[in-house]
Amino acid sequence: MFDALIVGAGFAGSVIAERLASQEGMKVLVVERRPHIAGNAYDHYDDAGILVHKYGPHIFHCNAPEIYAYLSQFTAWRHYQHRVLASVDGQQVPIPINLDTVNKLYGLNLTSFELEQWFASVAEPKERILTSEDAVVSKVGRDLYTKFFRGYTRKQWGLDPSELDAQVAARIPTRTNRDDRYFNDRYQVMPLHGYTRMFEKMLAHPNIKLMLNTDYREVQEFIPYRLLVYTGPVDAFFDFRYGKLPYRSLDFVFETHDTPQVQAVGTVNYPNDYDYTRITEFKHLTGQTHARTTVVYEYPKAEGDPYYPIPRKENAERYKQYAALAEETPGVAFVGRLATYKYYNMDQVVAQALATYERLASSRRLVVA
């Protein structure tokens with residue numbers, strides 16, 4: 001008898017498994033359909049001996065000391081501030097848009113104070129911010145919207161920004177200074193020995209058993225358990241009762257080059273050219289020293305593994321129906337991106353998982369066998 005069956009060995013499932021095992025003394029079985037732990041954060045050494053992220057770049061950043069402290073139990077850190085350039089009008093300029101971006105693109109010599117005025121002069125004020133297009137043009141105007149956002153969004157989502165919720169564009173700030181860091185968070189770090197090693201330590205508790213290459217439905221009826229923690233797609237759990245929740249997926253194409261470095265920064269975005277959205281060079285992220293280097297190209301697509309919930313009103317309404325079913329399902333906790341149909345950063349998934357554990361612990365639903 002297991003006290004808990006946990007579906008998925010990504011951040012959500014692994015954090016809850018570790019907490020239940022170490023804090024509650026529960027016997028936990030983690031079932032993962034992929035051949036590895038760590039979910040989309042999985043990293044490994046490629047044939048050239050370079051540490052790469054199988055499912056695209058994962059850069060850890062957060063503002064919460066408690067999240068940083070929790071994960072620090074399982075890894076040492078490498079400090080890393082991510083920087084991104086965008087290939088626009090034949091130049092590579094900083095993104096998020098900052099003072100250097102505008103000065104370089106338009107041949108200007110503005111100060112920070114003058115840039116605020118310049119943004120105000122080109123912005124298109126909107127009474128109501130309803131779409132991603134509204135969110136961008138109301139801040140930086142039509143030309144920068146076209147150069148940086150429209151093409152990238154069309155590739156990434158398969159939709160025009162005018163068809164997407166404002167929250168999509170709200171994730172990317174605009175700056176009037178020369179700060180070229182992609183994130184502003186207090187903690188900007190990478191696991192010193194990689195994400196997979198961190199997950200290995202998280203799941204190393206003797207009360208945790210792990211099954212890889214296994215769909216939980218294949219074993220669910222043969223393994224007795226008291227609590228189910230589900231981190232997979234919520235629509236699949238309910239056999240798509242209200243239809244499929246739509247996602248965007250990605251193809252990753254890796255290339256290894258016989259040179260130590262090919263990009264000036266970790267990631268270069270291509271908002272207007274080519275079918276891919278960005279190229280990431282992993283050695284910037286990991287700090288690895290190697291005579292060769294590996295990059296990954298990201299090609300968005302409509303079908304495949306679910307990565308990004310598509311933020312549109314009709315999708316949110318459909319998810320509400322599934323959320324109501326989840327709320328009414330006893331003995332099951334739904335946690336993580338796929339189970340709650342929301343795009344979370346890694347720290348946000350950890351926070352949600354820890355909060356779910358606390359809620360389960362306090363509700364006296366945890367009965368040790």
# chains A, B, ... in the order shown; residues from 1 in each chain; ligands from 1

call {"tool": "residues_around", "arguments": {"residues": "A:Leu99", "least_positions_apart": "4", "cutoff": "6 Å", "atoms": "only C-alpha atoms", "output": "PyMOL selection string"}}
result
chain A and resi 176-178

call {"tool": "write_last_selection", "arguments": {"atoms": "N, CA and C atoms", "output": "PDB file, in the first residue's frame"}}
result
ATOM      1  N   THR A 176      13.518  52.002 -19.476  1.00  0.00           N
ATOM      2  CA  THR A 176      14.042  53.290 -19.953  1.00  0.00           C
ATOM      3  C   THR A 176      15.513  53.460 -19.608  1.00  0.00           C
ATOM      4  N   ASN A 177      16.113  52.474 -18.925  1.00  0.00           N
ATOM      5  CA  ASN A 177      17.546  52.535 -18.626  1.00  0.00           C
ATOM      6  C   ASN A 177      18.303  51.567 -19.541  1.00  0.00           C
ATOM      7  N   ARG A 178      19.541  51.246 -19.195  1.00  0.00           N
ATOM      8  CA  ARG A 178      20.362  50.378 -20.035  1.00  0.00           C
ATOM      9  C   ARG A 178      20.433  48.947 -19.486  1.00  0.00           C
TER      10      ARG A 178
END

call {"tool": "closest_atom_pairs", "arguments": {"of": "stretch 156-262 of chain A", "to": "stretch 306-322 of chain A", "cutoff": "6 Å", "atoms": "only C-alpha atoms", "output": "JSON lines"}}
result
{"residue": "A:Leu164", "atom": "CA", "partner": "A:Arg312", "partner_atom": "CA", "distance": 5.7}
{"residue": "A:Asp165", "atom": "CA", "partner": "A:Arg312", "partner_atom": "CA", "distance": 5.7}
{"residue": "A:Tyr247", "atom": "CA", "partner": "A:Pro309", "partner_atom": "CA", "distance": 4.6}
{"residue": "A:Arg248", "atom": "CA", "partner": "A:Tyr308", "partner_atom": "CA", "distance": 5.1}
{"residue": "A:Ser249", "atom": "CA", "partner": "A:Tyr307", "partner_atom": "CA", "distance": 5.3}

call {"tool": "closest_residue", "arguments": {"among": "A:Asn103, A:Gln188, A:Thr214, A:Ser121", "to": "A:Gly141", "atoms": "only C-alpha atoms"}}
result
A:Ser121

call {"tool": "closest_residue", "arguments": {"among": "A:Gln288, A:His53, A:Ala169, A:Glu255", "to": "A:Trp157", "atoms": "only C-alpha atoms"}}
result
A:Ala169

call {"tool": "closest_residue", "arguments": {"among": "A:Phe199, A:Trp77, A:Phe237, A:Phe113", "to": "A:Tyr216", "atoms": "only C-alpha atoms"}}
result
A:Phe237

call {"tool": "residues_around", "arguments": {"residues": "A:Ala76", "least_positions_apart": "3", "cutoff": "8 Å", "atoms": "only C-alpha atoms", "output": "VMD selection string"}}
result
chain A and resid 72 191 to 193

call {"tool": "write_last_selection", "arguments": {"atoms": "C-alpha atoms", "output": "compact mmCIF listing (two decimals), in the first residue's frame"}}
result
# COMPACT_ATOMS: atom_id res chain seq x y z
CA SER A 72 18.98 24.92 -2.22
CA PRO A 191 21.73 24.47 -10.66
CA LEU A 192 25.50 24.02 -10.51
CA HIS A 193 25.44 20.43 -11.77

call {"tool": "residues_around", "arguments": {"residues": "A:Thr153", "least_positions_apart": "5", "cutoff": "10 Å", "atoms": "only C-alpha atoms", "output": "ChimeraX atom specification"}}
result
/A:132-133,148,158-162,164,168-169,271-272,277

call {"tool": "residues_around", "arguments": {"residues": "A:Val84", "least_positions_apart": "5", "cutoff": "9 Å", "atoms": "only C-alpha atoms", "output": "PyMOL selection string"}}
result
chain A and resi 93-96+180-182+265-269

call {"tool": "closest_residue", "arguments": {"among": "A:Glu124, A:Asp275, A:Glu32, A:Glu281", "to": "A:Glu298", "atoms": "only C-alpha atoms"}}
result
A:Asp275

call {"tool": "residues_around", "arguments": {"residues": "A:Val296", "least_positions_apart": "2", "cutoff": "12 Å", "atoms": "only C-alpha atoms", "output": "NGL selection string"}}
result
:A and (46 or 51-57 or 250-257 or 262-263 or 266-269 or 276-283 or 293-294 or 298-299)

call {"tool": "atom_distance", "arguments": {"atom1": "atom CA of A:Leu228", "atom2": "atom CA of A:Leu5"}}
result
4.9 Å

call {"tool": "atom_distance", "arguments": {"atom1": "atom CA of A:Ile97", "atom2": "atom CA of A:Arg175"}}
result
6.2 Å

call {"tool": "atom_distance", "arguments": {"atom1": "atom CA of A:Arg197", "atom2": "atom CA of A:Ile6"}}
result
19.9 Å

call {"tool": "closest_residue", "arguments": {"among": "A:Thr289, A:Asn63, A:Asn184, A:Thr131", "to": "A:Ala170", "atoms": "only C-alpha atoms"}}
result
A:Thr131

call {"tool": "residues_around", "arguments": {"residues": "A:Ala333", "least_positions_apart": "5", "cutoff": "9 Å", "atoms": "only C-alpha atoms", "output": "count of residues only"}}
result
9

call {"tool": "select_by_dssp", "arguments": {"residues": "stretch 235-342 of chain A", "states": "strand (DSSP E or B)", "output": "tab-separated table (two decimals) with C-alpha atoms, in the first residue's frame"}}
result
chain	number	residue	atom	x	y	z
A	247	TYR	CA	-1.70	24.02	-26.49
A	248	ARG	CA	1.20	25.17	-28.59
A	249	SER	CA	4.08	22.78	-28.96
A	250	LEU	CA	7.72	23.03	-30.05
A	251	ASP	CA	10.27	21.18	-32.12
A	252	PHE	CA	13.88	21.43	-30.95
A	253	VAL	CA	16.74	21.12	-33.43
A	254	PHE	CA	20.21	20.83	-31.87
A	255	GLU	CA	23.47	21.70	-33.61
A	256	THR	CA	27.02	21.26	-32.32
A	257	HIS	CA	29.75	23.55	-33.66
A	267	THR	CA	19.60	33.54	-26.57
A	268	VAL	CA	18.99	35.39	-29.82
A	269	ASN	CA	15.37	35.96	-30.88
A	278	ARG	CA	15.05	31.76	-31.16
A	279	ILE	CA	18.47	30.11	-30.85
A	280	THR	CA	19.97	29.34	-27.44
A	281	GLU	CA	23.61	28.47	-26.75
A	293	THR	CA	29.42	24.34	-28.33
A	294	THR	CA	25.82	23.21	-28.83
A	295	VAL	CA	22.85	25.41	-29.74
A	296	VAL	CA	19.15	24.67	-30.07
A	297	TYR	CA	16.67	26.13	-32.57
A	298	GLU	CA	13.02	26.35	-31.47
A	299	TYR	CA	10.27	25.80	-34.03
A	300	PRO	CA	6.73	26.37	-32.70
A	301	LYS	CA	3.99	24.06	-33.95
A	308	TYR	CA	2.06	26.53	-23.72
A	309	PRO	CA	-1.65	26.84	-22.86
A	332	VAL	CA	-7.10	13.82	-6.02
A	333	ALA	CA	-4.89	16.93	-5.98
A	334	PHE	CA	-4.32	18.65	-9.34

call {"tool": "closest_residue", "arguments": {"among": "A:Leu338, A:Leu20, A:Val102, A:Leu285", "to": "A:Gly194", "atoms": "only C-alpha atoms"}}
result
A:Leu285
